[in-house]
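Asker: This structure is in structure tokens; I'll ask about it shortly.
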Amino acid sequence: MSKAFKLTLDVQFASESLEQTWSPLISKRKIGNWIKKALQQDARMTVRFVGNAESKKLNATYRHKDYATNILTFPYDIDPASNALNADLVICLPALKKEALAQKKSIEQHLIHLIVHGTLHAQGFDHEDEIEAEAMEELEINILKSLKQANPYC
């Protein structure tokens, strides 16, 4: 049995309208469970749900790409007192919905995948080259399988 890592989680919505529309589907408990499946260390994480404008601005500022994107991951330094990972995941809800429809998935299925993907990025996993991409994909697929989710890459 794998070690259960401690997670301190904050969930934010960029606006009241986003929260009213999406909070029935997105619970802190579910998000915490999905993140914990992908954790390999203790963590303090914030998951922020935003619209297109905030996602586009953040993507332009930090990745120099002029469009809203599904998820952005912001890892910070490890907390020296607790040795916990500190990271923010910023999820663009309109992009999430559009991609889920295009991929013929439920919004929750796609959200689970993005949360796992972002959590792995926060811990230093990447897909910049083929070897890293294969290792990250394999880990992602196994985590999603443990959450009873299909392989998103098929």
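Naming scheme: A, B, ... for chains in displayed order of the structure tokens; residues 1 onward per chain; ligands 1 onward as shown.
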Give the helix (DSSP H, G or I) residues of segment 21-71 of chain A, as DSSP finds them on the backbone, and put them as JSON, numbers by chain.

Answerer: {"A": [21, 22, 28, 29, 30, 31, 32, 33, 34, 35, 36, 37, 38, 52, 53, 54, 55, 56, 57, 58, 59, 60, 61, 62, 63]}

Asker: Dump C-alpha atoms for the selected residues as an mmCIF file, in the first residue's frame?

Answerer:
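Just written: again-v5.cif:
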data_model
loop_
_atom_site.group_PDB
_atom_site.id
_atom_site.type_symbol
_atom_site.label_atom_id
_atom_site.label_comp_id
_atom_site.auth_asym_id
_atom_site.auth_seq_id
_atom_site.Cartn_x
_atom_site.Cartn_y
_atom_site.Cartn_z
ATOM 1 C CA THR A 21 -22.560 27.506 -12.179
ATOM 2 C CA TRP A 22 -19.769 25.046 -11.415
ATOM 3 C CA LYS A 28 -13.302 20.284 -2.623
ATOM 4 C CA ARG A 29 -13.522 16.694 -1.377
ATOM 5 C CA LYS A 30 -13.424 15.241 -4.907
ATOM 6 C CA ILE A 31 -10.588 17.523 -5.984
ATOM 7 C CA GLY A 32 -8.616 16.579 -2.871
ATOM 8 C CA ASN A 33 -9.087 12.871 -3.573
ATOM 9 C CA TRP A 34 -7.926 13.270 -7.172
ATOM 10 C CA ILE A 35 -4.854 15.271 -6.162
ATOM 11 C CA LYS A 36 -3.925 12.820 -3.394
ATOM 12 C CA LYS A 37 -3.831 9.949 -5.920
ATOM 13 C CA ALA A 38 -1.131 11.839 -7.851
ATOM 14 C CA ASN A 52 -11.196 32.702 -20.561
ATOM 15 C CA ALA A 53 -9.919 36.222 -19.828
ATOM 16 C CA GLU A 54 -7.895 35.289 -16.724
ATOM 17 C CA SER A 55 -6.558 32.123 -18.333
ATOM 18 C CA LYS A 56 -5.504 34.031 -21.468
ATOM 19 C CA LYS A 57 -3.789 36.742 -19.394
ATOM 20 C CA LEU A 58 -1.880 34.210 -17.261
ATOM 21 C CA ASN A 59 -0.929 32.140 -20.315
ATOM 22 C CA ALA A 60 0.363 35.254 -22.082
ATOM 23 C CA THR A 61 2.278 36.453 -19.028
ATOM 24 C CA TYR A 62 3.922 33.173 -18.056
ATOM 25 C CA ARG A 63 4.042 31.126 -21.267
#

Asker: Under the rule of at most 8 Å, produce a per-residue listing of segment 49-150 of chain A near segment 10-17 of chain A: chain, number, name, the closest pair of atoms, and the distance in Å, as JSON lines, using only C-alpha atoms.

Answerer:
{"residue": "A:Phe49", "atom": "CA", "partner": "A:Phe13", "partner_atom": "CA", "distance": 4.8}
{"residue": "A:Val50", "atom": "CA", "partner": "A:Ala14", "partner_atom": "CA", "distance": 5.1}
{"residue": "A:Gly51", "atom": "CA", "partner": "A:Ala14", "partner_atom": "CA", "distance": 7.4}

Asker: Please, could you write that set of residues out with C-alpha atoms as a PDB file, in the first residue's frame?

Answerer:
ATOM      1  CA  PHE A  49     -11.197  27.970 -11.520  1.00  0.00           C
ATOM      2  CA  VAL A  50     -11.210  30.860 -13.976  1.00  0.00           C
ATOM      3  CA  GLY A  51     -12.802  32.101 -17.178  1.00  0.00           C
TER       4      GLY A  51
END

Asker: By how many Å are atom CA of Ala4 of chain A and atom CA of Lys148 of chain A apart?

Answerer: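 It comes out at 18.5 Å.
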
Asker: Closest to Leu114 of chain A among A:Cys154, A:Ile131, A:Val47, A:Ile78, using only C-alpha atoms?

Answerer: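 Once distances to Leu114 of chain A are computed over only C-alpha atoms, the minimum belongs to A:Val47.
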
Asker: Could you check which of A:His64, A:Lys104, A:Ile71, A:Met136 is closest to Val90 of chain A, using only C-alpha atoms?

Answerer: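 For Val90 of chain A, the nearest of the candidates is A:Ile71.
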
Asker: For a quick check of understanding, using only C-alpha atoms, which of A:Leu85, A:Gln123, A:Glu130, A:Lys105 has the smallest distance to Ala150 of chain A?

Answerer: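 Closest to Ala150 of chain A of all the choices is A:Lys105.
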